[in-house]
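J.: For reference, the structure I am asking about is given below.
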Number of protein chains: 2
Amino acid sequence: MAEKVTIYDISKKLKISAATVSRALNNNPKISEKTRELVLKTATEMNYKQNRLAQALKSGRTNNVGVIVPFINRSFFSSVIRGIEEELSPHGYHVIICQTHEDVNNEIKQIDTLLNTQVDGIFMSVAKTTQDTTHIQKALAENTPLVFFDRKKDVKGLSSVVIDDFKGGYLATKHLIEQGCKKIAHFSGDLNVEIYKNRRQGYLKALKDNGITPLKRFSLPVNSKLESGTSAVKDLWKFDEKPDAIFSSSDYAALGAIQELRQMGIKIPEEVCVVGFSNEPFTKYMELPITSVDQTPFEMGKIAAQVFLEQIEGSKTLTIEKKVVLTPELYIRDSSNRKL
Amino acid sequence: MAEKVTIYDISKKLKISAATVSRALNNNPKISEKTRELVLKTATEMNYKQNRLAQALKSGRTNNVGVIVPFINRSFFSSVIRGIEEELSPHGYHVIICQTHEDVNNEIKQIDTLLNTQVDGIFMSVAKTTQDTTHIQKALAENTPLVFFDRKKDVKGLSSVVIDDFKGGYLATKHLIEQGCKKIAHFSGDLNVEIYKNRRQGYLKALKDNGITPLKRFSLPVNSKLESGTSAVKDLWKFDEKPDAIFSSSDYAALGAIQELRQMGIKIPEEVCVVGFSNEPFTKYMELPITSVDQTPFEMGKIAAQVFLEQIEGSKTLTIEKKVVLTPELYIRDSSNRKL
DNA sequence: TTGTAGGCGTTATCAT
DNA sequence: ATGATAACGCCTACAA
């Protein structure tokens, strides 16, 4: 095992003090050009590597950030993380990932251990079950920047980067109306979760703006599973008055719906148009590609990272609370494209 | 901002030495039960949190591990990472992620910064372009356990967890033969990459074992893009003698092939059976679900983590070089299931 | 059982 | 411009 070489080793070899070596290494102006170059040269010669731990202990900055998500292997989250990583890594930050499994208790633990490990910042998408925010306020109390993305909570002093879910819902619904659909059903997620509530609001507004009275029966909750989409369709089609379109807050439920509709011999998009949400990778690969609302996760991650950087580099005294809202993008595909 | 409370604060309050506090906190046996409890109690009262940085500086262990992958938002990699995280987080480790973008130069940098930041271990899937392994040996030189997963290099002293790609190729091909296919084409990836080479070997062996002479023309390289699958099909179908099956080393190329075959009016699986590799999420969602070889990424991550833990906890002197080979699983779906 | 003291590697302050 | 020293917070011989 190669022995670690410290600034003391360099200082001994050069017969100068460790302080001088440190200065040379840190581009401190108070040092002669000659010694600086000498130090730098011998440092590389001796294969010196700065001990970031010691540095961190001294400075209180680790150059690590934490990202807390429900599950890291969801397409959306892993793309956000990628965005964060690619924006931050040039600045020398490392990204630590944590999963909550949609459980607040884990969320609490993760925040605790991240703060404990002295991360310079935290990015998070809250768990669906999260209501209370005292654990989140801890970050604030310790002066650690925390940036929400996608699923946020309103906590004074904390920034967030989200998409305009209302607009997403609006766009999707408006598109369906433009395809000639008049009886548009909506699969909403858990309405206690802000994003799902907003998507639904957008849906309702689009209907209203176009003089369509929403049928209560046409709005029903699903989870992000195929089966919940198929059963929702079964429920809807029990009645005489059938929908001529479905706007689903979940791509998975949308796919389940499509499978069930086909099963029933219903033509898509001729008889029923379907639009999903999230632009999951599979939507574009289907034989009948599914129209979906893209949440620009990669962008979202990059921007969240930028917000963090501003916060870090900006004057510490002034607490910045930045709320970024990205515009979602509708990808129109065959499941709803009647090519009028 | 809440002031950090240290063991000194506790020691002052309790009028005992910091050393005693430290011992109490660390379950050191050399301490009376009374003082231990007292310390523990006041510690929580004062909301004491161990400074892991100081601890790390002292002990040389950070409780961080690094994971290096080409891209973290690939379904396969993010699932492996999830496995690693879930296995390691109960042991108090944090997972730092790094991306190489399939570029060796990034790989070199990442290993450097990870070692520099004193991670306790490194997990990695090498970039496709990686040939030389000197940067990897650095980890060995610094005595930092490094575990390869999926894409490995043969470096003495380093462990790896991979799937049996040969077997994967064999299974897929054998299955096609069992479906009655005799003229089986193969889409291979870059044959300089071990895993693709092995899959192809498995394919060839299965043919041989069943008395089928492989046609050289039937084996052609693709990348992991849809288009490369469609163009490969175009190339194959230029000749009079058409394949009756395709085993693709990439699910994406398999999908491209399927799209092209359908375009040409060829029935799947009746006329041509198709099998992919990786079990990408979309394969099971298709209207014509695609048969594919699953690489058990989640398992792979968990086991890689276990190998690391053994290494860390095992006696330091004995270098363990563990090679784990997981068995891939064939998911038979409609694209190749003739339901004989 | 408890306390003292030194050190992990770095940087910042104060002298020189 | 450079050197000595203390400090970041913790742990661990060694001493008591």
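Residues are named by chain letter and number: chains run A, B, ... in the order of the structure tokens, numbers start at 1 in each chain, and ligands are numbered from 1 in the order shown.
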Only residues of chain B matter here; which ones have an atom within 10 Å of chain C, counting only C-alpha atoms (C1' of nucleotides)? Give them as a ChimeraX atom specification.
T.: /B:16-20,30-32,35,54-60
J.: Select from chain B every residue with an atom at most 7 Å from any atom of chain A, then for each give the shortest pair of atoms and their distance in Å to one decimal, using only C-alpha atoms, rows by chain and rising number, as CSV.
T.:
residue,atom,partner,partner_atom,distance
B:Met1,CA,A:Glu142,CA,5.3
B:Ala2,CA,A:Glu142,CA,5.8
B:Lys49,CA,A:Asn116,CA,6.6
B:Asn51,CA,A:Asn116,CA,6.6
B:Arg52,CA,A:Thr117,CA,5.6
B:Leu53,CA,A:Leu57,CA,5.7
B:Ala54,CA,A:Leu57,CA,6.1
B:Leu57,CA,A:Leu53,CA,5.7
B:Ile72,CA,A:Arg82,CA,6.3
B:Asn73,CA,A:Ser78,CA,4.7
B:Ser75,CA,A:Asn73,CA,6.6
B:Ser78,CA,A:Asn73,CA,4.7
B:Ser79,CA,A:Asn73,CA,5.3
B:Arg82,CA,A:Ile72,CA,6.3
B:His94,CA,A:Ile96,CA,6.5
B:Val95,CA,A:Ile96,CA,5.4
B:Ile96,CA,A:Ile96,CA,4.3
B:Ile97,CA,A:Val95,CA,5.9
B:Asn116,CA,A:Asn51,CA,6.6
B:Thr117,CA,A:Arg52,CA,5.6
B:Ala141,CA,A:Met1,CA,5.2
B:Glu142,CA,A:Met1,CA,5.3
B:Asn143,CA,A:Met1,CA,5.9
B:Phe282,CA,A:Phe282,CA,4.8
B:Met286,CA,A:Met286,CA,5.6
B:Glu287,CA,A:Glu287,CA,6.7
J.: Compute the set of chain D residues within 8 Å of chain B, using only C-alpha atoms (C1' of nucleotides), and express it as a list in words.
T.: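 The complete set of qualifying residues is DC8, DG9, DC10 and DC11 of chain D.
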J.: So that I can see what lies close to region 169-171 of chain A, please list as a VMD selection string the residues with an atom at most 9 Å from it, counting only C-alpha atoms (C1' of nucleotides) and leaving out residues fewer than 2 positions away in the same chain.
T.: chain A and resid 164 to 167 173 to 176 198 to 207 247 249 277 293 328 to 330
J.: Looking only at the backbone, which of the residues in region 85-216 of chain B does DSSP tag as strand (DSSP E or B), as a ChimeraX atom specification?
T.: /B:94-99,121-124,146-149,159-163,184-188
J.: Could you pull out the helix (DSSP H, G or I) residues of region 100-336 of chain A from DSSP and send them as an MDAnalysis selection string?
T.: chainID A and resid 104:116 134:141 165:178 194:209 216:218 226:236 251:263 281:285 297:313
J.: Using only C-alpha atoms (C1' of nucleotides), determine which residues lie at most 10 Å from Val161 (chain B), disregarding the query and same-chain residues fewer than 6 positions distant; provide the list as JSON, numbers by chain.
T.: {"B": [123, 125, 147, 148, 149, 150, 151, 152, 299, 300, 301, 302, 303, 304, 305, 307, 322, 323, 324, 325, 326]}
